[in-house]
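my_file-v8.txt follows; it contains compact mmCIF, C-alpha atoms and all ligand atoms.
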# COMPACT_ATOMS: atom_id res chain seq x y z
CA MET N 1153 -40.96 152.36 195.16
CA SER N 1154 -37.79 154.17 196.15
CA PHE N 1155 -36.23 156.96 194.11
CA LEU N 1156 -33.94 154.51 192.35
CA PRO N 1157 -35.95 151.91 190.49
CA SER N 1158 -34.87 148.29 190.26
CA CYS N 1159 -33.56 146.77 187.04
CA HIS N 1160 -36.94 145.15 186.48
CA GLU N 1161 -38.75 148.47 186.92
CA VAL N 1162 -36.31 150.25 184.62
CA GLN N 1163 -36.64 147.65 181.89
CA THR N 1164 -40.42 147.67 182.22
CA ASP N 1165 -40.54 151.46 181.82
CA LEU N 1166 -37.85 151.87 179.15
CA THR N 1167 -40.26 152.29 176.25
CA GLU N 1168 -42.11 155.09 178.02
CA TYR N 1169 -38.77 156.52 179.16
CA THR N 1170 -37.50 156.77 175.58
CA GLU N 1171 -40.81 158.36 174.53
CA GLY N 1172 -40.59 160.91 177.35
CA ALA N 1173 -43.95 159.72 178.62
CA LEU N 1174 -42.94 159.32 182.28
CA PRO N 1175 -43.22 161.93 185.03
CA PHE N 1176 -39.98 163.75 185.81
CA SER N 1177 -39.26 161.96 189.10
CA ARG N 1178 -39.55 158.59 187.43
CA ARG N 1179 -37.44 159.67 184.44
CA ALA N 1180 -34.75 161.02 186.77
CA GLY N 1181 -34.66 157.76 188.73
CA ILE N 1182 -34.28 155.73 185.55
CA TRP N 1183 -31.64 158.12 184.22
CA VAL N 1184 -29.54 157.74 187.37
CA HIS N 1185 -30.04 153.97 187.32
CA LEU N 1186 -28.83 153.87 183.70
CA LEU N 1187 -25.65 155.71 184.70
CA PHE N 1188 -24.69 152.93 187.07
CA CYS N 1189 -26.24 149.81 185.59
CA ARG N 1190 -24.53 148.37 182.52
CA VAL N 1191 -27.27 145.77 182.07
CA CYS N 1192 -30.08 148.31 181.75
CA ALA N 1193 -27.89 150.69 179.71
CA GLY N 1194 -27.27 147.82 177.29
CA PHE N 1195 -30.99 147.09 177.25
CA LEU N 1196 -31.64 150.74 176.31
CA ARG N 1197 -29.02 150.64 173.54
CA GLY N 1198 -30.70 147.53 172.16
CA MET N 1199 -34.10 149.24 172.24
CA LYS N 1200 -32.77 152.33 170.47
CA ALA N 1201 -31.37 150.13 167.72
CA LEU N 1202 -34.72 148.42 167.32
CA PRO N 1203 -36.76 151.11 165.51
CA GLY N 1204 -34.35 150.96 162.57
CA VAL N 1205 -34.80 147.22 162.36
CA ALA N 1206 -38.58 147.52 162.66
CA LYS N 1207 -38.73 150.24 159.99
CA ALA N 1208 -36.66 148.14 157.63
CA SER N 1209 -38.99 145.20 158.10
CA LEU N 1210 -42.07 147.38 157.51
CA ALA N 1211 -40.72 149.08 154.40
CA ALA N 1212 -42.59 148.32 151.19
CA PRO N 1213 -40.92 145.52 149.30
CA THR N 1214 -39.03 146.73 146.27
CA ASP N 1215 -39.40 143.58 144.20
CA VAL N 1216 -43.16 143.05 144.13
CA PRO N 1217 -44.17 140.35 141.67
CA GLU N 1218 -46.38 141.70 138.90
CA ALA N 1219 -49.25 139.38 139.84
CA ALA N 1220 -49.24 140.76 143.40
CA SER N 1221 -49.16 144.31 142.06
CA ARG N 1222 -52.17 143.60 139.79
CA ALA N 1223 -54.03 141.96 142.65
CA LEU N 1224 -53.40 145.01 144.84
CA ASP N 1225 -54.68 147.30 142.07
CA ALA N 1226 -57.81 145.15 141.76
CA VAL N 1227 -58.42 145.28 145.51
CA GLN N 1228 -57.94 149.05 145.60
CA ALA N 1229 -60.29 149.50 142.62
CA ALA N 1230 -62.90 147.31 144.33
CA LEU N 1231 -62.57 149.32 147.52
CA LYS N 1232 -63.02 152.59 145.64
CA LYS N 1233 -66.15 151.23 143.98
CA GLY N 1234 -67.55 150.30 147.36
CA LYS N 1235 -67.34 153.89 148.58
CA PRO N 1236 -70.42 156.08 148.13
ZN ZN N 1301 -30.44 147.93 185.94

Could you write out this file's structure as structure tokens?
Amino acid sequence: MSFLPSCHEVQTDLTEYTEGALPFSRRAGIWVHLLFCRVCAGFLRGMKALPGVAKASLAAPTDVPEAASRALDAVQAALKKGKP
């Protein structure tokens, strides 16, 4: 692999890039690539927007039906009983 990674390599490594998990030389190559490549820069913007979307979808529902709430309580009580 040359210093400048291809679009495919950049897009494959973007998650690790955003987490800072790549070695410096690799990060630098991706950074330079992102300066010149609108496609990959757009890909990165999309990825950065994603955690907000994922968090929103994982948030506890605010309108839990009472039956579901009771069922959850029953499950939690049963689990507590099961512990020594
Ligand atoms: Zn690219």

Which residues sit within 8 Å of ligand ZN 1301 (chain N), counting only C-alpha atoms and all ligand atoms, listed as JSON, numbers by chain? {"N": [1158, 1159, 1160, 1162, 1163, 1185, 1186, 1188, 1189, 1190, 1191, 1192, 1193]}

Quick one, how far is atom CA of N:Pro1203 from atom CA of N:Pro1157? 25.0 Å

Atomic separation - atom CA of N:Thr1214 relative to atom CA of N:Gly1234, Å: 28.8 Å

Figure out the distance between atom CA of N:Gly1181 and atom CA of N:Phe1155, please, to one decimal in Å. 5.7 Å

At a cut-off of 10 Å around the point (-39.9, 156.7, 190.0) (file coordinates), what residues fall inside when counting all atoms listed in the file? I'd like the answer as a list in words. Met1153, Ser1154, Phe1155, Leu1156, Pro1157, Ser1158, Glu1161, Val1162, Asp1165, Leu1174, Pro1175, Phe1176, Ser1177, Arg1178, Arg1179, Ala1180, Gly1181 and Ile1182 of chain N

Save the residues we just selected, C-alpha atoms, as a PDB file, keeping the file's coordinate frame?
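After the write, selection_35.pdb holds the following:
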ATOM      1  CA  MET N1153     -40.960 152.360 195.160  1.00  0.00           C
ATOM      2  CA  SER N1154     -37.790 154.170 196.150  1.00  0.00           C
ATOM      3  CA  PHE N1155     -36.230 156.960 194.110  1.00  0.00           C
ATOM      4  CA  LEU N1156     -33.940 154.510 192.350  1.00  0.00           C
ATOM      5  CA  PRO N1157     -35.950 151.910 190.490  1.00  0.00           C
ATOM      6  CA  SER N1158     -34.870 148.290 190.260  1.00  0.00           C
ATOM      7  CA  GLU N1161     -38.750 148.470 186.920  1.00  0.00           C
ATOM      8  CA  VAL N1162     -36.310 150.250 184.620  1.00  0.00           C
ATOM      9  CA  ASP N1165     -40.540 151.460 181.820  1.00  0.00           C
ATOM     10  CA  LEU N1174     -42.940 159.320 182.280  1.00  0.00           C
ATOM     11  CA  PRO N1175     -43.220 161.930 185.030  1.00  0.00           C
ATOM     12  CA  PHE N1176     -39.980 163.750 185.810  1.00  0.00           C
ATOM     13  CA  SER N1177     -39.260 161.960 189.100  1.00  0.00           C
ATOM     14  CA  ARG N1178     -39.550 158.590 187.430  1.00  0.00           C
ATOM     15  CA  ARG N1179     -37.440 159.670 184.440  1.00  0.00           C
ATOM     16  CA  ALA N1180     -34.750 161.020 186.770  1.00  0.00           C
ATOM     17  CA  GLY N1181     -34.660 157.760 188.730  1.00  0.00           C
ATOM     18  CA  ILE N1182     -34.280 155.730 185.550  1.00  0.00           C
TER      19      ILE N1182
END

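Residue nearest N:Glu1168, chosen from N:Leu1224, N:Ala1230, N:Leu1196, N:Leu1202 and counting only C-alpha atoms: N:Leu1196.
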
Starting from the incomplete input, reconstruct N, CA and C atoms of stretch 1156-1189 of chain N and report them as a PDB file, keeping the file's coordinate frame.
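This went into part00.pdb:
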ATOM      1  N   LEU N1156     -34.628 155.290 193.374  1.00  0.00           N
ATOM      2  CA  LEU N1156     -33.940 154.510 192.350  1.00  0.00           C
ATOM      3  C   LEU N1156     -34.711 153.240 192.055  1.00  0.00           C
ATOM      4  N   PRO N1157     -35.191 153.105 190.848  1.00  0.00           N
ATOM      5  CA  PRO N1157     -35.950 151.910 190.490  1.00  0.00           C
ATOM      6  C   PRO N1157     -35.045 150.697 190.343  1.00  0.00           C
ATOM      7  N   SER N1158     -35.624 149.523 190.462  1.00  0.00           N
ATOM      8  CA  SER N1158     -34.870 148.290 190.260  1.00  0.00           C
ATOM      9  C   SER N1158     -34.659 148.053 188.772  1.00  0.00           C
ATOM     10  N   CYS N1159     -33.798 147.108 188.457  1.00  0.00           N
ATOM     11  CA  CYS N1159     -33.560 146.770 187.040  1.00  0.00           C
ATOM     12  C   CYS N1159     -34.870 146.380 186.364  1.00  0.00           C
ATOM     13  N   HIS N1160     -35.673 145.591 187.072  1.00  0.00           N
ATOM     14  CA  HIS N1160     -36.940 145.150 186.480  1.00  0.00           C
ATOM     15  C   HIS N1160     -37.837 146.353 186.176  1.00  0.00           C
ATOM     16  N   GLU N1161     -37.911 147.286 187.134  1.00  0.00           N
ATOM     17  CA  GLU N1161     -38.750 148.470 186.920  1.00  0.00           C
ATOM     18  C   GLU N1161     -38.229 149.322 185.768  1.00  0.00           C
ATOM     19  N   VAL N1162     -36.903 149.456 185.697  1.00  0.00           N
ATOM     20  CA  VAL N1162     -36.310 150.250 184.620  1.00  0.00           C
ATOM     21  C   VAL N1162     -36.640 149.621 183.270  1.00  0.00           C
ATOM     22  N   GLN N1163     -36.428 148.315 183.177  1.00  0.00           N
ATOM     23  CA  GLN N1163     -36.640 147.650 181.890  1.00  0.00           C
ATOM     24  C   GLN N1163     -38.114 147.646 181.500  1.00  0.00           C
ATOM     25  N   THR N1164     -38.991 147.602 182.499  1.00  0.00           N
ATOM     26  CA  THR N1164     -40.420 147.670 182.220  1.00  0.00           C
ATOM     27  C   THR N1164     -40.817 149.040 181.666  1.00  0.00           C
ATOM     28  N   ASP N1165     -40.159 150.082 182.187  1.00  0.00           N
ATOM     29  CA  ASP N1165     -40.540 151.460 181.820  1.00  0.00           C
ATOM     30  C   ASP N1165     -39.718 152.041 180.681  1.00  0.00           C
ATOM     31  N   LEU N1166     -38.783 151.276 180.120  1.00  0.00           N
ATOM     32  CA  LEU N1166     -37.850 151.870 179.150  1.00  0.00           C
ATOM     33  C   LEU N1166     -38.549 152.447 177.908  1.00  0.00           C
ATOM     34  N   THR N1167     -39.581 151.778 177.438  1.00  0.00           N
ATOM     35  CA  THR N1167     -40.260 152.290 176.250  1.00  0.00           C
ATOM     36  C   THR N1167     -40.827 153.677 176.526  1.00  0.00           C
ATOM     37  N   GLU N1168     -41.539 153.791 177.660  1.00  0.00           N
ATOM     38  CA  GLU N1168     -42.110 155.090 178.020  1.00  0.00           C
ATOM     39  C   GLU N1168     -41.002 156.107 178.305  1.00  0.00           C
ATOM     40  N   TYR N1169     -39.903 155.629 178.879  1.00  0.00           N
ATOM     41  CA  TYR N1169     -38.770 156.520 179.160  1.00  0.00           C
ATOM     42  C   TYR N1169     -38.242 157.117 177.861  1.00  0.00           C
ATOM     43  N   THR N1170     -38.051 156.271 176.839  1.00  0.00           N
ATOM     44  CA  THR N1170     -37.500 156.770 175.580  1.00  0.00           C
ATOM     45  C   THR N1170     -38.501 157.687 174.869  1.00  0.00           C
ATOM     46  N   GLU N1171     -39.795 157.507 175.155  1.00  0.00           N
ATOM     47  CA  GLU N1171     -40.810 158.360 174.530  1.00  0.00           C
ATOM     48  C   GLU N1171     -41.051 159.634 175.340  1.00  0.00           C
ATOM     49  N   GLY N1172     -40.397 159.733 176.501  1.00  0.00           N
ATOM     50  CA  GLY N1172     -40.590 160.910 177.350  1.00  0.00           C
ATOM     51  C   GLY N1172     -41.957 160.945 177.984  1.00  0.00           C
ATOM     52  N   ALA N1173     -42.572 159.774 178.143  1.00  0.00           N
ATOM     53  CA  ALA N1173     -43.950 159.720 178.620  1.00  0.00           C
ATOM     54  C   ALA N1173     -44.046 159.576 180.147  1.00  0.00           C
ATOM     55  N   LEU N1174     -42.908 159.527 180.828  1.00  0.00           N
ATOM     56  CA  LEU N1174     -42.940 159.320 182.280  1.00  0.00           C
ATOM     57  C   LEU N1174     -42.837 160.658 183.009  1.00  0.00           C
ATOM     58  N   PRO N1175     -43.388 160.710 184.234  1.00  0.00           N
ATOM     59  CA  PRO N1175     -43.220 161.930 185.030  1.00  0.00           C
ATOM     60  C   PRO N1175     -41.740 162.148 185.364  1.00  0.00           C
ATOM     61  N   PHE N1176     -41.387 163.397 185.629  1.00  0.00           N
ATOM     62  CA  PHE N1176     -39.980 163.750 185.810  1.00  0.00           C
ATOM     63  C   PHE N1176     -39.279 162.912 186.864  1.00  0.00           C
ATOM     64  N   SER N1177     -39.932 162.687 188.023  1.00  0.00           N
ATOM     65  CA  SER N1177     -39.260 161.960 189.100  1.00  0.00           C
ATOM     66  C   SER N1177     -38.909 160.537 188.662  1.00  0.00           C
ATOM     67  N   ARG N1178     -39.784 159.957 187.913  1.00  0.00           N
ATOM     68  CA  ARG N1178     -39.550 158.590 187.430  1.00  0.00           C
ATOM     69  C   ARG N1178     -38.418 158.583 186.384  1.00  0.00           C
ATOM     70  N   ARG N1179     -38.487 159.555 185.472  1.00  0.00           N
ATOM     71  CA  ARG N1179     -37.440 159.670 184.440  1.00  0.00           C
ATOM     72  C   ARG N1179     -36.078 159.862 185.090  1.00  0.00           C
ATOM     73  N   ALA N1180     -36.021 160.729 186.106  1.00  0.00           N
ATOM     74  CA  ALA N1180     -34.750 161.020 186.770  1.00  0.00           C
ATOM     75  C   ALA N1180     -34.206 159.759 187.429  1.00  0.00           C
ATOM     76  N   GLY N1181     -35.087 158.995 188.078  1.00  0.00           N
ATOM     77  CA  GLY N1181     -34.660 157.760 188.730  1.00  0.00           C
ATOM     78  C   GLY N1181     -34.085 156.776 187.717  1.00  0.00           C
ATOM     79  N   ILE N1182     -34.752 156.651 186.590  1.00  0.00           N
ATOM     80  CA  ILE N1182     -34.280 155.730 185.550  1.00  0.00           C
ATOM     81  C   ILE N1182     -32.956 156.226 184.977  1.00  0.00           C
ATOM     82  N   TRP N1183     -32.862 157.542 184.770  1.00  0.00           N
ATOM     83  CA  TRP N1183     -31.640 158.120 184.220  1.00  0.00           C
ATOM     84  C   TRP N1183     -30.443 157.813 185.120  1.00  0.00           C
ATOM     85  N   VAL N1184     -30.631 158.018 186.427  1.00  0.00           N
ATOM     86  CA  VAL N1184     -29.540 157.740 187.370  1.00  0.00           C
ATOM     87  C   VAL N1184     -29.219 156.248 187.371  1.00  0.00           C
ATOM     88  N   HIS N1185     -30.247 155.423 187.357  1.00  0.00           N
ATOM     89  CA  HIS N1185     -30.040 153.970 187.320  1.00  0.00           C
ATOM     90  C   HIS N1185     -29.205 153.593 186.091  1.00  0.00           C
ATOM     91  N   LEU N1186     -29.527 154.199 184.947  1.00  0.00           N
ATOM     92  CA  LEU N1186     -28.830 153.870 183.700  1.00  0.00           C
ATOM     93  C   LEU N1186     -27.356 154.288 183.746  1.00  0.00           C
ATOM     94  N   LEU N1187     -27.053 155.294 184.573  1.00  0.00           N
ATOM     95  CA  LEU N1187     -25.650 155.710 184.700  1.00  0.00           C
ATOM     96  C   LEU N1187     -24.811 154.631 185.364  1.00  0.00           C
ATOM     97  N   PHE N1188     -25.447 153.883 186.261  1.00  0.00           N
ATOM     98  CA  PHE N1188     -24.690 152.930 187.070  1.00  0.00           C
ATOM     99  C   PHE N1188     -24.899 151.483 186.663  1.00  0.00           C
ATOM    100  N   CYS N1189     -25.905 151.197 185.883  1.00  0.00           N
ATOM    101  CA  CYS N1189     -26.240 149.810 185.590  1.00  0.00           C
ATOM    102  C   CYS N1189     -25.947 149.507 184.115  1.00  0.00           C
TER     103      CYS N1189
END
